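Reading through the structure tokens given below for one structure.
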Amino acid sequence: MHMEYCKNIVWHHSQVSRSHRETLNGHRSVILWFTGLSGAGKSTIAHAVEAQLHQQGCRTFVLDGDNIRHGLSKDLGFEDSDRRENIRRIAEVAKLMLEAGNITLTAFISPFRLERELARRTVAEGDFIEIYCNCDLTVCEQRDVKGLYRKARLGEIAHFTGISSPYEPPENPEIVIDTDQMNIEECLAHIFNHLQKMGILSPIPALLKALKRSSTK
């Protein structure tokens, strides 16, 4: 029944295209996919990047792991199959946001390489920028403000990435930020520099100058 119904579904093409929306916005749309262990700084950095982009007049939206679990994926658990389905849903939402002309930032552990690769394949080449928040596990545990690692160590949380469930680091991410060695200003400057080199963003001299000045304090 389900498969038969799907055969009768046809994609409806809008009269307003992605390029029209990008022209109106004054910038191209892209997916910035932040991945890394819990406590690696994904959400913090993604929201900081969004704030800087917003100040420059860019249209942005952050898809945050905890927020998505409150709505779109509230029916999912944390077993491997549920994690894969969660990332599939996020990839599809991010694709829609891309078509809407937004710079979409996703902050998810997304622990498995295959699922991240499938997310990448949902859009055209160059539309998916993987940003690896590299952070040593011991540092992530020290930052454990929610007490999740402690609970996982005690066996109170099953399928916890880095403890009882694996994390597969990206092999060829577009951007790597070592969040256990760099402060947030250095992370932002590194990300913005790379996005400009990739042609994602136009040069923002004032922003880069401000970030550089902050990082030297």
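In the structure tokens, chains take the letters A, B, ... in the order shown, each chain's residues start at 1, and ligands count up from 1 in the order shown.
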Shell of 10 Å around Arg59 in chain A, only C-alpha atoms, local chain residues under 6 positions omitted, as a PyMOL selection string
chain A and resi 22+25-29+50+53+100-104
Just all heavy atoms for this one: save the residues we selected as a compact mmCIF listing (two decimals), in the first residue's frame.
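Full text of selection.txt as output:
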```txt
# COMPACT_ATOMS: atom_id res chain seq x y z
N GLU A 22 18.50 33.10 -3.45
CA GLU A 22 19.87 33.50 -3.17
C GLU A 22 20.13 34.93 -3.64
O GLU A 22 20.81 35.70 -2.96
CB GLU A 22 20.84 32.53 -3.83
CG GLU A 22 20.89 31.16 -3.18
CD GLU A 22 21.81 30.19 -3.91
OE1 GLU A 22 21.92 30.31 -5.15
OE2 GLU A 22 22.41 29.34 -3.25
N ASN A 25 18.54 37.23 -1.20
CA ASN A 25 19.29 37.25 0.06
C ASN A 25 20.64 37.94 -0.06
O ASN A 25 21.18 38.43 0.92
CB ASN A 25 19.51 35.82 0.57
CG ASN A 25 18.21 35.14 0.97
OD1 ASN A 25 17.20 35.80 1.18
ND2 ASN A 25 18.25 33.82 1.07
N GLY A 26 21.22 37.90 -1.26
CA GLY A 26 22.53 38.50 -1.45
C GLY A 26 23.68 37.58 -1.10
O GLY A 26 24.82 38.02 -0.94
N HIS A 27 23.39 36.30 -0.97
CA HIS A 27 24.45 35.31 -0.70
C HIS A 27 23.96 33.94 -1.13
O HIS A 27 22.75 33.70 -1.27
CB HIS A 27 24.83 35.29 0.79
CG HIS A 27 23.70 34.92 1.70
ND1 HIS A 27 23.29 33.62 1.92
CD2 HIS A 27 22.87 35.69 2.47
CE1 HIS A 27 22.29 33.59 2.75
NE2 HIS A 27 22.01 34.84 3.11
N ARG A 28 24.87 33.01 -1.33
CA ARG A 28 24.49 31.65 -1.70
C ARG A 28 24.11 30.86 -0.47
O ARG A 28 24.48 31.20 0.65
CB ARG A 28 25.61 30.94 -2.46
CG ARG A 28 26.87 30.71 -1.68
CD ARG A 28 27.76 29.66 -2.33
NE ARG A 28 27.13 28.34 -2.30
CZ ARG A 28 27.76 27.21 -2.56
NH1 ARG A 28 29.04 27.23 -2.89
NH2 ARG A 28 27.14 26.06 -2.49
N SER A 29 23.32 29.84 -0.67
CA SER A 29 22.94 28.98 0.44
C SER A 29 23.88 27.78 0.51
O SER A 29 24.47 27.37 -0.50
CB SER A 29 21.49 28.52 0.29
OG SER A 29 21.30 27.83 -0.94
N GLU A 50 26.49 31.51 13.38
CA GLU A 50 25.22 32.07 12.92
C GLU A 50 25.09 33.53 13.34
O GLU A 50 24.64 34.38 12.56
CB GLU A 50 24.04 31.28 13.46
CG GLU A 50 22.72 31.82 12.93
CD GLU A 50 21.49 31.29 13.65
OE1 GLU A 50 21.56 31.03 14.86
OE2 GLU A 50 20.45 31.15 12.98
N LEU A 53 27.14 35.68 11.09
CA LEU A 53 26.53 35.75 9.75
C LEU A 53 25.30 36.65 9.76
O LEU A 53 25.08 37.43 8.84
CB LEU A 53 26.15 34.35 9.29
CG LEU A 53 27.30 33.40 8.94
CD1 LEU A 53 26.76 31.98 8.71
CD2 LEU A 53 28.04 33.88 7.70
N ALA A 100 15.56 26.85 0.34
CA ALA A 100 14.94 28.11 0.77
C ALA A 100 15.92 29.28 0.71
O ALA A 100 15.52 30.43 0.93
CB ALA A 100 14.39 27.96 2.19
N GLY A 101 17.18 28.98 0.42
CA GLY A 101 18.18 30.03 0.26
C GLY A 101 18.93 30.38 1.53
O GLY A 101 19.66 31.37 1.57
N ASN A 102 18.80 29.55 2.57
CA ASN A 102 19.44 29.84 3.85
C ASN A 102 20.82 29.21 3.97
O ASN A 102 21.09 28.17 3.35
CB ASN A 102 18.59 29.31 5.00
CG ASN A 102 17.28 30.04 5.14
OD1 ASN A 102 17.19 31.23 4.91
ND2 ASN A 102 16.24 29.31 5.51
N ILE A 103 21.66 29.82 4.78
CA ILE A 103 22.86 29.15 5.25
C ILE A 103 22.42 28.34 6.47
O ILE A 103 22.06 28.89 7.50
CB ILE A 103 23.97 30.16 5.65
CG1 ILE A 103 24.39 30.97 4.42
CG2 ILE A 103 25.16 29.44 6.25
CD1 ILE A 103 25.39 32.07 4.72
N THR A 104 22.42 27.02 6.33
CA THR A 104 21.88 26.14 7.36
C THR A 104 23.02 25.48 8.11
O THR A 104 23.90 24.86 7.51
CB THR A 104 20.97 25.06 6.73
OG1 THR A 104 19.97 25.71 5.94
CG2 THR A 104 20.31 24.22 7.81
```
Name the residues in contact with His194 in chain A at a cut-off of 12 Å, using only C-alpha atoms, excluding same-chain residues fewer than 2 positions from it; report them as a list in words.
Leu32, Ile129, Glu130, Ile131, Pro173, Glu174, Ile175, Val176, Ile177, Cys187, Leu188, Ala189, His190, Ile191, Phe192, Gln196, Lys197, Met198, Gly199, Ile200, Leu201, Ser202, Pro203 and Leu208 of chain A
Can I get the selection written as a compact mmCIF listing (two decimals), in the first residue's frame, with C-alpha atoms?
```txt
# COMPACT_ATOMS: atom_id res chain seq x y z
CA LEU A 32 27.46 23.72 7.35
CA ILE A 129 30.52 21.59 4.18
CA GLU A 130 31.58 19.17 6.90
CA ILE A 131 33.11 20.87 9.94
CA PRO A 173 36.21 17.07 6.22
CA GLU A 174 36.30 20.45 4.55
CA ILE A 175 37.14 22.16 7.84
CA VAL A 176 38.75 20.91 11.07
CA ILE A 177 38.75 22.95 14.27
CA CYS A 187 37.54 28.75 15.78
CA LEU A 188 35.35 31.40 14.17
CA ALA A 189 38.25 33.03 12.35
CA HIS A 190 39.39 29.61 11.07
CA ILE A 191 35.91 28.73 9.82
CA PHE A 192 35.28 32.08 8.14
CA GLN A 196 35.87 32.49 2.01
CA LYS A 197 38.60 30.41 0.36
CA MET A 198 35.93 27.95 -0.76
CA GLY A 199 33.87 30.77 -2.25
CA ILE A 200 31.01 30.20 0.18
CA LEU A 201 31.21 33.70 1.64
CA SER A 202 32.44 36.99 0.33
CA PRO A 203 35.35 38.51 2.26
CA LEU A 208 37.93 38.95 10.40
```
Got a sec: who's within 10 Å of range 141-151 of chain A, counting only C-alpha atoms, leaving out chain neighbours fewer than 6 positions off, as a compact mmCIF listing (two decimals) with C-alpha atoms, in the first residue's frame?
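Full text of around_30.txt as output:
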```txt
# COMPACT_ATOMS: atom_id res chain seq x y z
CA LEU A 37 31.69 14.24 20.30
CA SER A 38 29.28 15.50 22.93
CA GLY A 39 31.04 18.42 24.59
CA ALA A 40 33.23 19.19 21.58
CA GLY A 41 31.57 22.59 21.12
CA ILE A 157 22.87 5.89 29.72
CA ALA A 158 23.12 3.25 27.01
CA PHE A 160 26.43 6.93 24.51
CA THR A 161 28.89 8.06 21.84
CA GLY A 162 32.52 7.81 22.91
CA ILE A 163 31.74 5.49 25.82
```
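Checking A:Thr44, A:Ser81, A:Gln55, A:Thr23 one by one against Thr106 in chain A, counting only C-alpha atoms, you find the shortest gap at A:Thr44.
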Skipping near chain neighbours, those fewer than 3 positions away, what residues fall within 8 Å of Asp80 in chain A using only C-alpha atoms, listed as a ChimeraX atom specification?
/A:83-84,159
To one decimal in Å, tell me the separation between CA of Arg89 in chain A and CA of His47 in chain A.
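Value for the CA of Arg89 in chain A-CA of His47 in chain A distance: 20.6 Å.
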Test item: residues at most 9 Å from Phe34 in chain A, only C-alpha atoms, excluding those fewer than 3 positions along its chain, as a list in words:
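Skipping anything fewer than 3 positions along the chain leaves Lys42, Ser43, Ile45, Ala46, Leu105, Thr106, Ala107, Phe108, Ile109, Ser110, Ile129, Glu130, Ile131, Tyr132 and Cys133 of chain A.
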Hey, what does DSSP flag as strand (DSSP E) within range 65-159 of chain A? Can you give it to me as a list in words?
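Here are the strand (DSSP E) residues of range 65-159 of chain A: Ile103, Thr104, Leu105, Thr106, Ala107, Phe128, Ile129, Glu130, Ile131, Tyr132, Cys133 and Asn134 of chain A.
Taking only range 126-188 of chain A, the residues that DSSP calls alpha helix (DSSP H) from the backbone come to A:Leu137, A:Thr138, A:Val139, A:Cys140, A:Glu141, A:Gln142, A:Leu148, A:Tyr149, A:Arg150, A:Lys151, A:Ala152, A:Arg153, A:Ile184, A:Glu185, A:Glu186, A:Cys187, A:Leu188.
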For each of A:Val30, A:Leu72, A:Met97, A:Leu114, take the minimum atom-to-atom distance to Glu168 in chain A, counting only C-alpha atoms, then give the residue where this is smallest.
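Of A:Val30, A:Leu72, A:Met97, A:Leu114, the one nearest Glu168 in chain A is A:Leu114, counting only C-alpha atoms.
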Which residue gives the smallest distance to Asp82 in chain A among A:Glu115, A:Glu125, A:Asp178, A:Glu171, with only C-alpha atoms counted?
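With only C-alpha atoms as the atom set, the closest residue is A:Glu115.
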Pick out the closest residue to Glu85 in chain A from this set: A:Arg116, A:Asn67, A:Leu98, A:Ser14. Count only C-alpha atoms.
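So, comparing all the options, the nearest one is A:Arg116.
For the atom pair formed by CA of Ser73 in chain A and CA of Ile184 in chain A, the distance is 29.1 Å, given to one decimal.
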Between A:Cys135, A:Ile87, A:Val16, A:Leu195, which has the minimum distance to Met182 in chain A (counting only C-alpha atoms)?
A:Cys135
For Phe128 in chain A, which residue out of A:Arg113, A:Val62, A:Arg18, A:Trp33 is the nearest one, using only C-alpha atoms?
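Using only C-alpha atoms, Phe128 in chain A sits closest to A:Trp33.
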